[in-house]
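Undergrad: start_7.pdb is reproduced below (PDB, C-alpha atoms and all ligand atoms).
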ATOM      1  CA  MET A   1      -7.224 -15.789   6.728
ATOM      2  CA  ARG A   2     -10.135 -14.039   5.113
ATOM      3  CA  HIS A   3      -9.364 -11.442   2.464
ATOM      4  CA  LEU A   4     -11.086  -8.131   2.911
ATOM      5  CA  GLN A   5     -12.725  -6.244   0.134
ATOM      6  CA  PRO A   6     -12.872  -2.433   0.282
ATOM      7  CA  GLY A   7     -15.599  -1.455   2.722
ATOM      8  CA  ASP A   8     -15.466  -4.847   4.424
ATOM      9  CA  GLN A   9     -14.225  -4.697   8.022
ATOM     10  CA  GLY A  10     -13.960  -8.438   8.518
ATOM     11  CA  ASN A  11     -15.633 -10.328  11.290
ATOM     12  CA  GLY A  12     -13.278  -9.639  14.195
ATOM     13  CA  PRO A  13     -14.363  -7.726  17.274
ATOM     14  CA  PRO A  14     -14.395  -3.935  16.937
ATOM     15  CA  VAL A  15     -11.223  -2.196  18.043
ATOM     16  CA  LEU A  16     -10.382   1.365  19.037
ATOM     17  CA  LEU A  17      -7.366   1.756  16.764
ATOM     18  CA  GLU A  18      -6.790   0.376  13.272
ATOM     19  CA  ILE A  19      -3.358   0.784  11.705
ATOM     20  CA  VAL A  20      -3.022   0.547   7.928
ATOM     21  CA  VAL A  21       0.287  -0.627   6.470
ATOM     22  CA  PRO A  22       0.687  -0.197   2.701
ATOM     23  CA  ALA A  23       2.975  -2.886   1.330
ATOM     24  CA  TYR A  24       4.381  -3.347  -2.129
ATOM     25  CA  ASN A  25       6.925  -6.125  -2.605
ATOM     26  CA  GLU A  26       7.762  -6.000   1.082
ATOM     27  CA  ALA A  27       8.578  -9.674   1.633
ATOM     28  CA  GLY A  28      12.040  -8.608   2.770
ATOM     29  CA  ARG A  29      11.057  -5.909   5.272
ATOM     30  CA  LEU A  30       7.520  -6.843   6.309
ATOM     31  CA  PRO A  31       8.235  -9.730   8.716
ATOM     32  CA  ALA A  32      10.489  -7.573  10.908
ATOM     33  CA  GLY A  33       8.148  -4.591  10.517
ATOM     34  CA  LEU A  34       4.999  -6.523  11.415
ATOM     35  CA  SER A  35       6.731  -8.136  14.317
ATOM     36  CA  LEU A  36       7.676  -4.722  15.753
ATOM     37  CA  LEU A  37       4.212  -3.323  15.067
ATOM     38  CA  THR A  38       2.217  -6.185  16.550
ATOM     39  CA  THR A  39       4.400  -6.243  19.658
ATOM     40  CA  LYS A  40       3.934  -2.503  20.154
ATOM     41  CA  ALA A  41       0.213  -2.664  19.328
ATOM     42  CA  ALA A  42      -0.310  -5.364  21.947
ATOM     43  CA  ALA A  43       1.264  -3.107  24.581
ATOM     44  CA  LEU A  44      -0.926  -0.090  23.780
ATOM     45  CA  PRO A  45      -3.697   0.807  26.216
ATOM     46  CA  VAL A  46      -6.317   0.524  23.445
ATOM     47  CA  SER A  47      -7.479  -2.475  21.430
ATOM     48  CA  THR A  48      -5.728  -2.402  18.076
ATOM     49  CA  SER A  49      -5.714  -4.248  14.767
ATOM     50  CA  ILE A  50      -3.441  -4.062  11.736
ATOM     51  CA  LEU A  51      -4.542  -3.952   8.116
ATOM     52  CA  VAL A  52      -1.887  -4.587   5.475
ATOM     53  CA  VAL A  53      -2.823  -3.312   2.020
ATOM     54  CA  ASP A  54      -1.081  -4.983  -0.875
ATOM     55  CA  ASN A  55      -1.487  -4.221  -4.524
ATOM     56  CA  ALA A  56       0.082  -6.296  -7.199
ATOM     57  CA  SER A  57       3.148  -7.322  -5.216
ATOM     58  CA  THR A  58       5.077  -9.865  -7.235
ATOM     59  CA  ASP A  59       6.752 -11.433  -4.204
ATOM     60  CA  ASN A  60       5.093 -13.272  -1.317
ATOM     61  CA  THR A  61       4.016 -10.171   0.629
ATOM     62  CA  SER A  62       0.413 -11.466   0.687
ATOM     63  CA  ASP A  63       1.439 -14.912   1.936
ATOM     64  CA  ILE A  64       3.352 -13.380   4.820
ATOM     65  CA  VAL A  65       0.243 -11.518   5.956
ATOM     66  CA  ARG A  66      -2.075 -14.457   5.319
ATOM     67  CA  ASN A  67       0.052 -16.715   7.489
ATOM     68  CA  TRP A  68       0.678 -14.181  10.243
ATOM     69  CA  PRO A  69      -0.329 -15.455  13.721
ATOM     70  CA  ARG A  70      -3.701 -14.247  14.999
ATOM     71  CA  GLU A  71      -2.146 -13.230  18.303
ATOM     72  CA  PRO A  72      -1.305 -10.901  19.975
ATOM     73  CA  VAL A  73      -3.269  -8.550  17.670
ATOM     74  CA  PRO A  74      -5.273  -9.270  14.519
ATOM     75  CA  VAL A  75      -3.422  -8.693  11.240
ATOM     76  CA  ARG A  76      -5.600  -8.623   8.157
ATOM     77  CA  LEU A  77      -4.937  -8.366   4.455
ATOM     78  CA  LEU A  78      -6.640  -6.129   1.944
ATOM     79  CA  HIS A  79      -6.013  -6.274  -1.779
ATOM     80  CA  CYS A  80      -6.223  -2.961  -3.581
ATOM     81  CA  ALA A  81      -6.704  -3.121  -7.329
ATOM     82  CA  ARG A  82      -5.416   0.391  -7.943
ATOM     83  CA  ARG A  83      -1.632   0.776  -7.950
ATOM     84  CA  GLY A  84       0.344   3.178  -5.783
ATOM     85  CA  LYS A  85       0.994   3.918  -2.116
ATOM     86  CA  GLY A  86      -1.717   6.592  -2.023
ATOM     87  CA  ALA A  87      -4.311   4.263  -3.497
ATOM     88  CA  ALA A  88      -3.349   1.546  -1.007
ATOM     89  CA  VAL A  89      -3.531   3.859   2.026
ATOM     90  CA  ARG A  90      -6.843   5.289   0.824
ATOM     91  CA  ALA A  91      -8.348   1.814   0.381
ATOM     92  CA  GLY A  92      -7.047   0.847   3.806
ATOM     93  CA  LEU A  93      -8.452   3.909   5.548
ATOM     94  CA  LEU A  94     -11.814   3.420   3.854
ATOM     95  CA  ALA A  95     -11.901  -0.205   4.992
ATOM     96  CA  THR A  96     -11.572   0.822   8.644
ATOM     97  CA  ARG A  97     -14.337   1.439  11.130
ATOM     98  CA  ALA A  98     -12.456   2.303  14.307
ATOM     99  CA  PRO A  99     -12.733   5.684  16.045
ATOM    100  CA  PHE A 100      -8.951   6.098  15.719
ATOM    101  CA  ILE A 101      -7.051   5.139  12.579
ATOM    102  CA  GLY A 102      -3.727   5.784  10.936
ATOM    103  CA  PHE A 103      -0.976   4.359   8.826
ATOM    104  CA  CYS A 104       2.701   3.588   8.957
ATOM    105  CA  ASP A 105       5.210   2.210   6.486
ATOM    106  CA  ALA A 106       6.153  -1.455   6.311
ATOM    107  CA  ASP A 107       9.770  -0.639   7.121
ATOM    108  CA  MET A 108       8.766   0.937  10.474
ATOM    109  CA  ALA A 109      11.267   3.692   9.750
ATOM    110  CA  THR A 110       9.434   5.805  12.342
ATOM    111  CA  ASP A 111      10.091   4.448  15.815
ATOM    112  CA  LEU A 112       6.851   3.070  17.176
ATOM    113  CA  CYS A 113       7.380   4.654  20.577
ATOM    114  CA  ALA A 114       5.620   7.658  18.973
ATOM    115  CA  LEU A 115       2.390   5.643  19.183
ATOM    116  CA  ASP A 116       2.183   6.368  22.903
ATOM    117  CA  LEU A 117       2.037  10.103  22.205
ATOM    118  CA  VAL A 118      -0.401   9.495  19.344
ATOM    119  CA  ILE A 119      -2.813   7.643  21.624
ATOM    120  CA  SER A 120      -2.739  10.324  24.280
ATOM    121  CA  LEU A 121      -3.291  13.060  21.692
ATOM    122  CA  LEU A 122      -6.150  11.194  20.012
ATOM    123  CA  ALA A 123      -7.719  10.548  23.381
ATOM    124  CA  THR A 124      -7.626  14.251  24.190
ATOM    125  CA  GLY A 125      -9.346  15.347  20.993
ATOM    126  CA  HIS A 126      -6.525  15.884  18.505
ATOM    127  CA  ARG A 127      -7.900  14.803  15.154
ATOM    128  CA  ALA A 128      -4.895  14.717  12.827
ATOM    129  CA  ILE A 129      -1.462  13.834  14.150
ATOM    130  CA  ILE A 130       1.439  13.578  11.771
ATOM    131  CA  GLY A 131       5.046  12.618  12.350
ATOM    132  CA  SER A 132       7.481  15.290  11.262
ATOM    133  CA  ARG A 133      11.161  14.616  10.749
ATOM    134  CA  ALA A 134      11.645  18.386  10.752
ATOM    135  CA  HIS A 135      10.265  18.803  14.257
ATOM    136  CA  ARG A 136      12.901  20.317  16.488
ATOM    137  CA  TRP A 137      12.775  17.320  18.803
ATOM    138  CA  SER A 138      12.925  14.686  16.075
ATOM    139  CA  VAL A 139      15.932  12.440  15.807
ATOM    140  CA  VAL A 140      16.614  11.547  12.184
ATOM    141  CA  GLU A 141      19.161   9.179  10.810
ATOM    142  CA  ALA A 142      18.959   9.508   7.035
ATOM    143  CA  ARG A 143      21.294   8.332   4.326
ATOM    144  CA  HIS A 144      19.653   9.804   1.260
ATOM    145  CA  SER A 145      21.716  10.831  -1.760
ATOM    146  CA  ALA A 146      22.345  14.520  -2.479
ATOM    147  CA  PHE A 147      20.103  14.121  -5.548
ATOM    148  CA  ARG A 148      17.205  12.830  -3.481
ATOM    149  CA  THR A 149      17.743  15.460  -0.783
ATOM    150  CA  ALA A 150      17.594  18.197  -3.435
ATOM    151  CA  GLY A 151      14.449  16.654  -4.957
ATOM    152  CA  ALA A 152      12.839  16.461  -1.523
ATOM    153  CA  ALA A 153      13.534  20.166  -0.971
ATOM    154  CA  VAL A 154      11.755  21.030  -4.242
ATOM    155  CA  PHE A 155       8.859  18.769  -3.285
ATOM    156  CA  ARG A 156       8.570  20.365   0.166
ATOM    157  CA  ARG A 157       8.494  23.800  -1.354
ATOM    158  CA  LEU A 158       5.686  22.845  -3.730
ATOM    159  CA  ALA A 159       3.801  21.005  -0.994
ATOM    160  CA  ARG A 160       3.818  24.197   1.050
ATOM    161  CA  THR A 161       1.735  25.905  -1.626
ATOM    162  CA  ILE A 162      -0.970  23.457  -0.552
ATOM    163  CA  VAL A 163      -0.329  22.945   3.166
ATOM    164  CA  ALA A 164       1.467  26.138   4.048
ATOM    165  CA  ASP A 165       2.774  25.307   7.485
ATOM    166  CA  ALA A 166       3.568  21.639   7.124
ATOM    167  CA  THR A 167       7.204  20.967   7.883
ATOM    168  CA  ASP A 168       7.159  17.349   6.639
ATOM    169  CA  THR A 169       4.227  15.936   4.712
ATOM    170  CA  GLN A 170       6.017  12.747   3.684
ATOM    171  CA  CYS A 171       6.779  10.952   6.923
ATOM    172  CA  GLY A 172       4.906   7.653   6.720
ATOM    173  CA  PHE A 173       3.375   7.966  10.169
ATOM    174  CA  LYS A 174      -0.010   9.667  10.411
ATOM    175  CA  PHE A 175      -2.953   9.115  12.735
ATOM    176  CA  PHE A 176      -6.435  10.542  12.781
ATOM    177  CA  SER A 177      -9.876  10.501  14.211
ATOM    178  CA  GLY A 178     -11.532   7.756  12.157
ATOM    179  CA  PRO A 179     -14.495   9.833  10.925
ATOM    180  CA  LEU A 180     -12.187  12.636   9.809
ATOM    181  CA  ALA A 181      -9.715  10.440   7.886
ATOM    182  CA  ARG A 182     -12.460   8.383   6.269
ATOM    183  CA  ALA A 183     -14.179  11.566   5.098
ATOM    184  CA  ALA A 184     -10.844  12.926   3.829
ATOM    185  CA  ALA A 185      -9.986   9.634   2.104
ATOM    186  CA  THR A 186     -13.352   9.592   0.356
ATOM    187  CA  ARG A 187     -12.434  12.907  -1.284
ATOM    188  CA  MET A 188      -8.846  11.906  -2.065
ATOM    189  CA  ARG A 189      -7.743  11.391  -5.654
ATOM    190  CA  ALA A 190      -3.930  11.152  -5.480
ATOM    191  CA  ALA A 191      -2.717   7.567  -5.772
ATOM    192  CA  GLY A 192       1.050   7.967  -5.701
ATOM    193  CA  PHE A 193       3.738   8.960  -3.209
ATOM    194  CA  ALA A 194       2.443  12.576  -2.948
ATOM    195  CA  PHE A 195      -0.929  11.453  -1.567
ATOM    196  CA  ASP A 196      -0.002  12.550   1.978
ATOM    197  CA  VAL A 197      -0.196  16.183   0.875
ATOM    198  CA  GLU A 198      -3.765  15.728  -0.310
ATOM    199  CA  LEU A 199      -4.770  13.712   2.748
ATOM    200  CA  VAL A 200      -3.502  16.418   5.107
ATOM    201  CA  ALA A 201      -5.055  19.174   2.979
ATOM    202  CA  ARG A 202      -8.412  17.380   2.909
ATOM    203  CA  CYS A 203      -8.342  17.021   6.693
ATOM    204  CA  ILE A 204      -7.721  20.765   6.972
ATOM    205  CA  GLN A 205     -10.515  21.390   4.461
ATOM    206  CA  LEU A 206     -12.775  19.425   6.777
ATOM    207  CA  GLY A 207     -11.907  21.788   9.586
ATOM    208  CA  ALA A 208      -9.219  19.779  11.372
ATOM    209  CA  ARG A 209      -6.157  21.247  12.948
ATOM    210  CA  VAL A 210      -3.041  19.210  12.274
ATOM    211  CA  THR A 211      -0.647  18.441  15.099
ATOM    212  CA  GLU A 212       2.935  17.682  14.127
ATOM    213  CA  ILE A 213       4.789  15.423  16.512
ATOM    214  CA  PRO A 214       8.479  14.632  16.835
ATOM    215  CA  VAL A 215       9.665  11.215  15.687
ATOM    216  CA  ALA A 216      12.754   9.076  15.839
ATOM    217  CA  TRP A 217      13.275   8.113  12.216
ATOM    218  CA  ARG A 218      15.902   5.969  10.599
ATOM    219  CA  ASP A 219      16.488   5.109   6.996
ATOM    220  CA  VAL A 220      15.719   1.422   6.436
ATOM    221  CA  PRO A 221      17.371  -0.138   3.375
ATOM    222  CA  GLY A 222      14.999  -1.560   0.744
ATOM    223  CA  SER A 223      13.021   1.570  -0.134
ATOM    224  CA  THR A 224      10.621   1.186  -3.068
ATOM    225  CA  PHE A 225      10.942   4.903  -3.871
ATOM    226  CA  ARG A 226      13.112   5.622  -6.907
ATOM    227  CA  VAL A 227      13.883   9.288  -7.499
ATOM    228  CA  GLN A 228      14.093   8.811 -11.270
ATOM    229  CA  ARG A 229      10.906   6.769 -11.463
ATOM    230  CA  HIS A 230       8.723   8.329  -8.787
ATOM    231  CA  GLY A 231      10.190  11.835  -8.417
ATOM    232  CA  ALA A 232       8.696  13.395 -11.555
ATOM    233  CA  SER A 233       5.323  11.744 -11.023
ATOM    234  CA  ALA A 234       5.240  12.968  -7.405
ATOM    235  CA  LEU A 235       5.787  16.526  -8.646
ATOM    236  CA  ARG A 236       3.063  16.109 -11.284
ATOM    237  CA  GLU A 237       0.797  14.732  -8.602
ATOM    238  CA  ILE A 238       1.368  17.849  -6.477
ATOM    239  CA  ALA A 239       0.130  19.963  -9.381
ATOM    240  CA  SER A 240      -3.004  17.892  -9.784
ATOM    241  CA  ILE A 241      -3.658  17.880  -6.018
ATOM    242  CA  TRP A 242      -3.421  21.668  -6.050
ATOM    243  CA  LEU A 243      -5.892  21.830  -8.933
ATOM    244  CA  ASN A 244      -8.323  19.324  -7.428
ATOM    245  CA  LEU A 245      -8.333  21.179  -4.133
ATOM    246  CA  LYS A 246      -8.995  24.474  -5.910
ATOM    247  CA  LEU A 247     -11.890  22.907  -7.798
ATOM    248  CA  SER A 248     -13.425  21.284  -4.734
ATOM    249  CA  ASP A 249     -12.910  24.595  -2.951
ATOM    250  CA  ARG A 250     -15.437  26.134  -5.272
ATOM    251  CA  GLN A 251     -18.060  23.470  -4.812
ATOM    252  CA  PRO A 252     -21.030  24.735  -2.835
ATOM    253  CA  GLY A 253     -21.460  23.086   0.511
ATOM    254  CA  GLY A 254     -17.825  21.993   0.733
ATOM    255  CA  GLY A 255     -17.303  23.951   3.954
ATOM    256  CA  HIS A 256     -13.726  24.155   5.095
ATOM    257  CA  VAL A 257     -11.194  26.328   6.860
ATOM    258  CA  PRO A 258      -8.492  28.078   4.812
ATOM    259  CA  LEU A 259      -5.698  25.815   3.680
ATOM    260  CA  GLN A 260      -3.050  28.047   5.197
ATOM    261  CA  ILE A 261      -3.934  27.198   8.740
ATOM    262  CA  PRO A 262      -0.977  27.046  11.125
ATOM    263  CA  LEU A 263      -0.028  23.565  12.236
ATOM    264  CA  ALA A 264       0.120  23.117  15.981
ATOM    265  CA  TRP A 265       3.312  21.757  17.501
ATOM    266  CA  ALA A 266       2.977  18.934  19.936
ATOM    267  CA  SER A 267       4.881  21.128  22.353
ATOM    268  CA  ASP A 268       2.124  23.711  22.279
ATOM    269  CA  GLY A 269       0.271  21.686  24.831
ATOM    270  CA  ILE A 270      -2.950  19.823  24.511
ATOM    271  CA  GLN A 271      -5.804  21.501  22.711
ATOM    272  CA  VAL A 272      -9.001  19.592  22.984
ATOM    273  CA  ALA A 273     -11.202  19.724  19.906
ATOM    274  CA  LEU A 274     -14.454  17.882  19.569
ATOM    275  CA  ASP A 275     -14.799  15.948  16.342
ATOM    276  CA  PRO A 276     -17.735  17.070  14.222
ATOM    277  CA  VAL A 277     -20.068  14.251  13.385
ATOM    278  CA  LEU A 278     -19.022  13.195   9.894
ATOM    279  CA  GLU A 279     -20.418   9.697  10.123
ATOM    280  CA  PRO A 280     -22.260   7.572  12.668
ATOM    281  CA  ALA A 281     -20.063   6.593  15.606
ATOM    282  CA  PRO A 282     -18.821   2.989  15.313
ATOM    283  CA  MET A 283     -19.101   0.451  18.095
ATOM    284  CA  ALA A 284     -15.790  -0.011  19.849
ATOM    285  CA  THR A 285     -14.472  -1.720  22.916
ATOM    286  CA  ALA A 286     -11.530  -0.949  25.135
ATOM    287  CA  ARG A 287      -8.828  -3.569  25.447
ATOM    288  CA  GLN A 288      -9.569  -6.227  28.054
ATOM    289  CA  SER A 289      -6.633  -6.449  30.409
TER     290      SER A 289
HETATM  291  N1  LIG A 301       0.397  -1.217  -1.426
HETATM  292  C1  LIG A 301       1.390  -0.431  -1.866
HETATM  293  N2  LIG A 301       2.306   0.006  -0.989
HETATM  294  C2  LIG A 301       3.309   0.781  -1.465
HETATM  295  C3  LIG A 301       3.412   1.144  -2.829
HETATM  296  N3  LIG A 301       4.513   1.903  -2.968
HETATM  297  C4  LIG A 301       5.067   2.007  -1.739
HETATM  298  N4  LIG A 301       4.345   1.321  -0.841
HETATM  299  C5  LIG A 301       4.607   1.186   0.589
HETATM  300  O1  LIG A 301       4.783   2.474   1.129
HETATM  301  C6  LIG A 301       5.666   2.416   2.224
HETATM  302  C7  LIG A 301       6.789   3.407   2.066
HETATM  303  O2  LIG A 301       7.567   3.026   0.986
HETATM  304  P1  LIG A 301       9.133   3.100   0.979
HETATM  305  O3  LIG A 301       9.574   2.225  -0.139
HETATM  306  O4  LIG A 301       9.722   2.816   2.308
HETATM  307  O5  LIG A 301       9.377   4.576   0.520
HETATM  308  P2  LIG A 301       9.460   5.889   1.378
HETATM  309  O6  LIG A 301       9.346   5.586   2.834
HETATM  310  O7  LIG A 301       8.502   6.866   0.795
HETATM  311  O8  LIG A 301      10.900   6.350   1.025
HETATM  312  P3  LIG A 301      12.256   6.025   1.805
HETATM  313  O9  LIG A 301      12.487   7.214   2.672
HETATM  314  O10 LIG A 301      13.263   5.867   0.708
HETATM  315  O11 LIG A 301      12.056   4.756   2.577
HETATM  316  C8  LIG A 301       6.136   0.977   2.304
HETATM  317  O12 LIG A 301       5.355   0.319   3.247
HETATM  318  C9  LIG A 301       5.877   0.462   0.913
HETATM  319  O13 LIG A 301       5.714  -0.936   0.828
HETATM  320  C10 LIG A 301       2.408   0.651  -3.734
HETATM  321  O14 LIG A 301       2.420   0.915  -4.922
HETATM  322  N5  LIG A 301       1.429  -0.124  -3.189
HETATM  323 MG    MG A 302      10.604   4.076   3.767
END
Using structure tokens, write down the structure from this file.
Ligand SMILES: Nc1nc2c(ncn2[C@@H]2O[C@H](COP(=O)(O)OP(=O)(O)OP(=O)(O)O)[C@@H](O)[C@H]2O)c(=O)[nH]1
Ligand SMILES: [Mg+2]

TA:
Amino acid sequence: MRHLQPGDQGNGPPVLLEIVVPAYNEAGRLPAGLSLLTTKAAALPVSTSILVVDNASTDNTSDIVRNWPREPVPVRLLHCARRGKGAAVRAGLLATRAPFIGFCDADMATDLCALDLVISLLATGHRAIIGSRAHRWSVVEARHSAFRTAGAAVFRRLARTIVADATDTQCGFKFFSGPLARAAATRMRAAGFAFDVELVARCIQLGARVTEIPVAWRDVPGSTFRVQRHGASALREIASIWLNLKLSDRQPGGGHVPLQIPLAWASDGIQVALDPVLEPAPMATARQS
């Protein structure tokens, strides 16, 4: 197994979809998660590879990825020097080259059947597709404490000052046109758990319309999120995201649509949008069947 460095796409054949999985001390949950993901990825109608991004795990998360079988889909490992889920996802997105990219959590809390909808939406021009546990058709099985639920409500409220119509910025299941997400990730600063808010906002800044899709989501034991430890920093991060977006707003040439753009529901039907050319198109092949 060859370790990737940021910006290094490895030497495997180009694929149409690259899925980033941030992983911090996930030795317990990753084997089951990767097994589900690789099985689903192999059944998708597009060629797919997985990129696990680890930073400073103190368990054998890296070894699990390094020793993962090469079949049925490639699973690669990227080390990210900067700590935090946001930093890991950013490094992962920037290390991709595929026309379609996205990320999901190591616990696969979001049922992977949503990938079928994601592929059809990406293929029809949707550029930013995010899972929303608040979607009216989502099925959510959560066991969070009252304290965490209250904290999440505060977070959601603050997040809406940045992405006004987002119903759930924190679901770890987001997929994009590759050029869009790489351009958004380049501008991203947030490194912690609140990074999703900035990623979505940057996509909107770049002119994308976000499509929220329903998900089946279940709480998987072993979460690395600690309300006491990460809650306050996530709220601080929201404030700095807000500020950074305001500042970049004022930069000349940073063309964007207003942040308070309505999010489209998946049920609104398919709206085809052509992706603006943000970077040269990568070479990609369809899956051989
Ligand atoms: N590389 C990396 N991954 C991280 C870090 N923090 C969290 N993650 C990953 O982010 C994903 C989501 O983390 P979880 O611990 O499930 O937290 P969550 O989904 O936000 O919260 P829950 O709803 O409690 O599960 C998992 O894949 C984690 O391994 C980090 O600092 N570095
Ligand atoms: Mg989780």

Undergrad: Write out, as JSON lines, each residue of chain A that has an atom at most 6 Å from ligand LIG 301 (chain A), together with the closest pair of atoms and their distance in Å to one decimal, counting all atoms listed in the file, rows going by chain and rising number.

TA:
{"residue": "A:Pro22", "atom": "CA", "partner": "A:LIG301", "partner_atom": "N2", "distance": 4.0}
{"residue": "A:Ala23", "atom": "CA", "partner": "A:LIG301", "partner_atom": "O13", "distance": 3.4}
{"residue": "A:Tyr24", "atom": "CA", "partner": "A:LIG301", "partner_atom": "O13", "distance": 4.0}
{"residue": "A:Glu26", "atom": "CA", "partner": "A:LIG301", "partner_atom": "O13", "distance": 5.5}
{"residue": "A:Val53", "atom": "CA", "partner": "A:LIG301", "partner_atom": "N1", "distance": 5.2}
{"residue": "A:Asp54", "atom": "CA", "partner": "A:LIG301", "partner_atom": "N1", "distance": 4.1}
{"residue": "A:Asn55", "atom": "CA", "partner": "A:LIG301", "partner_atom": "N1", "distance": 4.7}
{"residue": "A:Arg83", "atom": "CA", "partner": "A:LIG301", "partner_atom": "O14", "distance": 5.1}
{"residue": "A:Gly84", "atom": "CA", "partner": "A:LIG301", "partner_atom": "O14", "distance": 3.2}
{"residue": "A:Lys85", "atom": "CA", "partner": "A:LIG301", "partner_atom": "C3", "distance": 3.7}
{"residue": "A:Ala88", "atom": "CA", "partner": "A:LIG301", "partner_atom": "N1", "distance": 4.7}
{"residue": "A:Asp105", "atom": "CA", "partner": "A:LIG301", "partner_atom": "O12", "distance": 3.8}
{"residue": "A:Ala106", "atom": "CA", "partner": "A:LIG301", "partner_atom": "O12", "distance": 3.6}
{"residue": "A:Asp107", "atom": "CA", "partner": "A:LIG301", "partner_atom": "O4", "distance": 5.9}
{"residue": "A:Ser223", "atom": "CA", "partner": "A:LIG301", "partner_atom": "O3", "distance": 3.5}
{"residue": "A:Thr224", "atom": "CA", "partner": "A:LIG301", "partner_atom": "O3", "distance": 3.3}
{"residue": "A:Phe225", "atom": "CA", "partner": "A:LIG301", "partner_atom": "O5", "distance": 4.7}

Undergrad: Using the chain letters and numbers from this file, what does the PyMOL selection byres (((chain A and resi 188-196) around 8) and not hetatm) select? Give the answer as a list in words.

TA: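 Selected by the PyMOL selection byres (((chain A and resi 188-196) around 8) and not hetatm) here: Arg82, Arg83, Gly84, Lys85, Gly86, Ala87, Ala88, Arg90, Thr169, Gln170, Ala184, Ala185, Thr186, Arg187, Val197, Glu198, Leu199, Val200, Arg202, His230, Ser233, Ala234, Leu235, Glu237, Ile238 and Ile241 of chain A.
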
Undergrad: Separation of CA of Ile101 in chain A and CA of Leu180 in chain A, in Å?

TA: 9.5 Å

Undergrad: Please evaluate the PyMOL selection byres (((chain A and resi 120) around 12) and not hetatm) against the structure above and give the resulting residues as a list in words.

TA: Leu44, Pro45, Val46, Phe100, Ala114, Leu115, Asp116, Leu117, Val118, Ile119, Leu121, Leu122, Ala123, Thr124, Gly125, His126, Arg127, Ile129, Phe175, Ile213, Ala266, Gly269, Ile270, Gln271 and Val272 of chain A

Undergrad: Once the PyMOL selection byres (((chain A and resi 41) around 10) and not hetatm) is applied to the coordinates I shared, what remains selected? I want it as a ChimeraX atom specification.

TA: /A:17-19,35-40,42-50,72-74,112,115-116

Undergrad: When you count only C-alpha atoms and all ligand atoms, which of these residues is closest to ligand MG 302 (chain A): A:Gly231, A:Pro99, A:Pro221, A:Gly131?

TA: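 Among the listed residues, A:Pro221 lies closest to ligand MG 302 (chain A).
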